[in-house]
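Peer 1: Take a look at the following structure, please.
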Amino acid sequence: MAVRLMVLNGPNLNLLGVREPHIYGTTTLGEIEASCRDCAGTLGASLTFHQSNHEGALVDLVQKARTDADAIIINPAAFSFTSIALVDALKAFDGPVVEVHISNIHARDELHRHSIISPTARCVICGAGPYGYILAIETAVHFLSASARAS
Ligand code: CA2
C-alpha cells in the first residue's frame with residue numbers, strides 16, 4: 001500500500017509569494033503544493049496538503065493523521081514558537097514528523113529562532129526555501145521505508 005503523507009502549513013503561509021518576497025521568496029503555496037504532489041507521485045506516496053491560520057484546526061488535522069497518515073510534514077510557521085497544543089497533538093502521533101521551514105530560523109531574530117515543535121520532530125529542515133518541502137517528503141518516505149524493512 002502507498003505511504004500516506006499529510007503536509008500541514010500554519011498561519012500566514014497562504015500569503016507566500018504575495019507578501020514579503022525578500023524573506024520568503026516568490027513561490028506561492030499553490031506552487032509548493034503542486035511540487036509536493038509531483039514528488040509524492042514519483043515516490044508512489046499519497047499526499048494531503050493543508051493550510052490553516054487556526055491553531056485548533058491544525059490540532060484537529062494532527063489528530064486525524066493518527067488514522068489517516070503514516071507521516072506528517074509540518075511547517076508550523078508562527079505556531080512553532082507558541083503552540084503547546086500542537087506539541088501535545090504531535091506527541092500523540094506515532095509516525096515520523098518532519099518539521100520544515102522555508103527560511104533558516106537559526107539566522108533570524110530571537111523571536112523566530114527557537115521552535116518548541118522541534119523536539120517532537122524526527123527531522124528538522126530549514127533554510128532550503130520551498131525545496132525544503134521536497135527534502136521533507138523524501139525524508140519522510142525514507143523513514144517509512146526503513147521502518148517497513150526493519151519490521
Ligand atoms: O520560514 C518559514 O517557513 C517560517 O515557518 C515562516 C513563518 C515564520 O514565523 C517562521 O519563523 C519561519 C512565517 C510565515 C508567514 O508567512 C508569510 C508569508 C508571506 C508574507 C507574510 C507572512
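Here's how to read the names in the C-alpha cells: chain A, B, ... by the order shown, residue numbers from 1 in each chain, ligand numbers from 1 in the order shown.
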Select from chain A every residue with an atom at most 7 Å from any atom of ligand 1, then for each give the shortest pair of atoms and their distance in Å to one decimal, using only C-alpha atoms and all ligand atoms, rows by chain and rising number, as CSV.
Peer 2:
```
residue,atom,partner,partner_atom_place_in_ligand_line,distance
A:Pro11,CA,ligand 1,14 (C),6.4
A:Asn12,CA,ligand 1,15 (C),4.5
A:Leu13,CA,ligand 1,16 (O),4.3
A:Asn14,CA,ligand 1,18 (C),6.9
A:Leu15,CA,ligand 1,19 (C),4.4
A:Leu16,CA,ligand 1,18 (C),4.1
A:Gly17,CA,ligand 1,19 (C),6.3
A:Val18,CA,ligand 1,19 (C),6.1
A:Arg19,CA,ligand 1,20 (C),4.0
A:Glu20,CA,ligand 1,20 (C),4.7
A:Pro21,CA,ligand 1,19 (C),6.8
A:Tyr24,CA,ligand 1,18 (C),6.1
A:Asn75,CA,ligand 1,5 (O),5.5
A:Pro76,CA,ligand 1,5 (O),5.9
A:Ala77,CA,ligand 1,5 (O),3.4
A:Ala78,CA,ligand 1,9 (O),4.0
A:Val100,CA,ligand 1,3 (O),6.6
A:His101,CA,ligand 1,3 (O),3.4
A:Ile102,CA,ligand 1,3 (O),3.7
A:Ser103,CA,ligand 1,1 (O),3.6
A:Asn104,CA,ligand 1,1 (O),6.4
A:Ile105,CA,ligand 1,11 (O),5.5
A:His112,CA,ligand 1,11 (O),4.4
A:Arg113,CA,ligand 1,11 (O),6.9
A:Cys126,CA,ligand 1,1 (O),7.0
```
Peer 1: Near Asp94 in chain A, within 10 Å and counting only C-alpha atoms, which residues show up once chain neighbours fewer than 2 positions away are dropped, as a list in words?
Peer 2: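 My list of contacting residues is Ala65, Arg66, Thr67, Ala69, Asp70, Ala71, Ile72, Leu90, Lys91, Ala92, Pro96 and Val97 of chain A.
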Peer 1: Can you list every residue in chain A that DSSP puts in helix (DSSP H, G or I), as a PyMOL selection string?
Peer 2: chain A and resi 13-15+21-24+29-43+55-68+77-81+84-91+105-107+110-112+118-120+131-150
Peer 1: Residues within 12 Å of Gly41 in chain A, please, as a VMD selection string. Count only C-alpha atoms; anything in the same chain fewer than 6 positions from it doesn't count.
Peer 2: chain A and resid 2 to 5 34 to 35 47 to 48 134 137 to 138 141
Peer 1: Would you give me, as an NGL selection string, the residues in chain A that DSSP reads as strand (DSSP E)?
Peer 2: :A and (4-9 or 46-51 or 71-75 or 97-101 or 123-126)
Peer 1: Give me a file of those residues, with C-alpha atoms, as a PDB file, in the first residue's frame.
Peer 2:
```pdb
ATOM      1  CA  ARG A   4       0.256   8.335   3.222  1.00  0.00           C
ATOM      2  CA  LEU A   5       1.744  11.759   3.859  1.00  0.00           C
ATOM      3  CA  MET A   6      -0.022  14.710   5.437  1.00  0.00           C
ATOM      4  CA  VAL A   7       1.515  18.140   4.799  1.00  0.00           C
ATOM      5  CA  LEU A   8       0.424  20.872   7.218  1.00  0.00           C
ATOM      6  CA  ASN A   9       1.054  24.598   6.926  1.00  0.00           C
ATOM      7  CA  SER A  46      -0.291   9.614  -1.419  1.00  0.00           C
ATOM      8  CA  LEU A  47      -0.440  13.154  -0.068  1.00  0.00           C
ATOM      9  CA  THR A  48      -2.902  15.532   1.527  1.00  0.00           C
ATOM     10  CA  PHE A  49      -1.943  19.194   1.769  1.00  0.00           C
ATOM     11  CA  HIS A  50      -3.496  21.705   4.179  1.00  0.00           C
ATOM     12  CA  GLN A  51      -3.012  25.269   5.381  1.00  0.00           C
ATOM     13  CA  ALA A  71       3.961  10.618   8.393  1.00  0.00           C
ATOM     14  CA  ILE A  72       3.393  14.317   8.997  1.00  0.00           C
ATOM     15  CA  ILE A  73       5.338  17.101   7.323  1.00  0.00           C
ATOM     16  CA  ILE A  74       4.652  20.367   9.092  1.00  0.00           C
ATOM     17  CA  ASN A  75       5.581  23.988   8.650  1.00  0.00           C
ATOM     18  CA  VAL A  97       7.160  14.058  11.959  1.00  0.00           C
ATOM     19  CA  VAL A  98       9.344  16.203   9.681  1.00  0.00           C
ATOM     20  CA  GLU A  99       9.358  19.909  10.525  1.00  0.00           C
ATOM     21  CA  VAL A 100      10.119  22.247   7.658  1.00  0.00           C
ATOM     22  CA  HIS A 101      10.798  25.980   7.479  1.00  0.00           C
ATOM     23  CA  CYS A 123      13.964  15.683  11.384  1.00  0.00           C
ATOM     24  CA  VAL A 124      14.019  19.472  11.010  1.00  0.00           C
ATOM     25  CA  ILE A 125      14.749  21.100   7.644  1.00  0.00           C
ATOM     26  CA  CYS A 126      15.168  24.860   7.380  1.00  0.00           C
TER      27      CYS A 126
END
```
Peer 1: Could you work out how far CA of Asn53 in chain A lies from CA of Gly10 in chain A, giving the answer in Å with one decimal?
Peer 2: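 Between these atoms lies a distance of 5.8 Å.
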Peer 1: Have a look at CA of Leu58 in chain A and CA of Ala146 in chain A and let me know their distance in Å, one decimal.
Peer 2: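 Separation of CA of Leu58 in chain A and CA of Ala146 in chain A: 27.6 Å.
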Peer 1: Nearest residue to Ala107 in chain A out of A:Gly127, A:Phe143, A:Thr27, A:Cys36, using only C-alpha atoms?
Peer 2: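 Between A:Gly127, A:Phe143, A:Thr27, A:Cys36, the residue approaching Ala107 in chain A most closely is A:Gly127.
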Peer 1: I'd like the interatomic distance between CA of Met1 in chain A and CA of Gly30 in chain A, to a tenth of an Å.
Peer 2: 27.0 Å
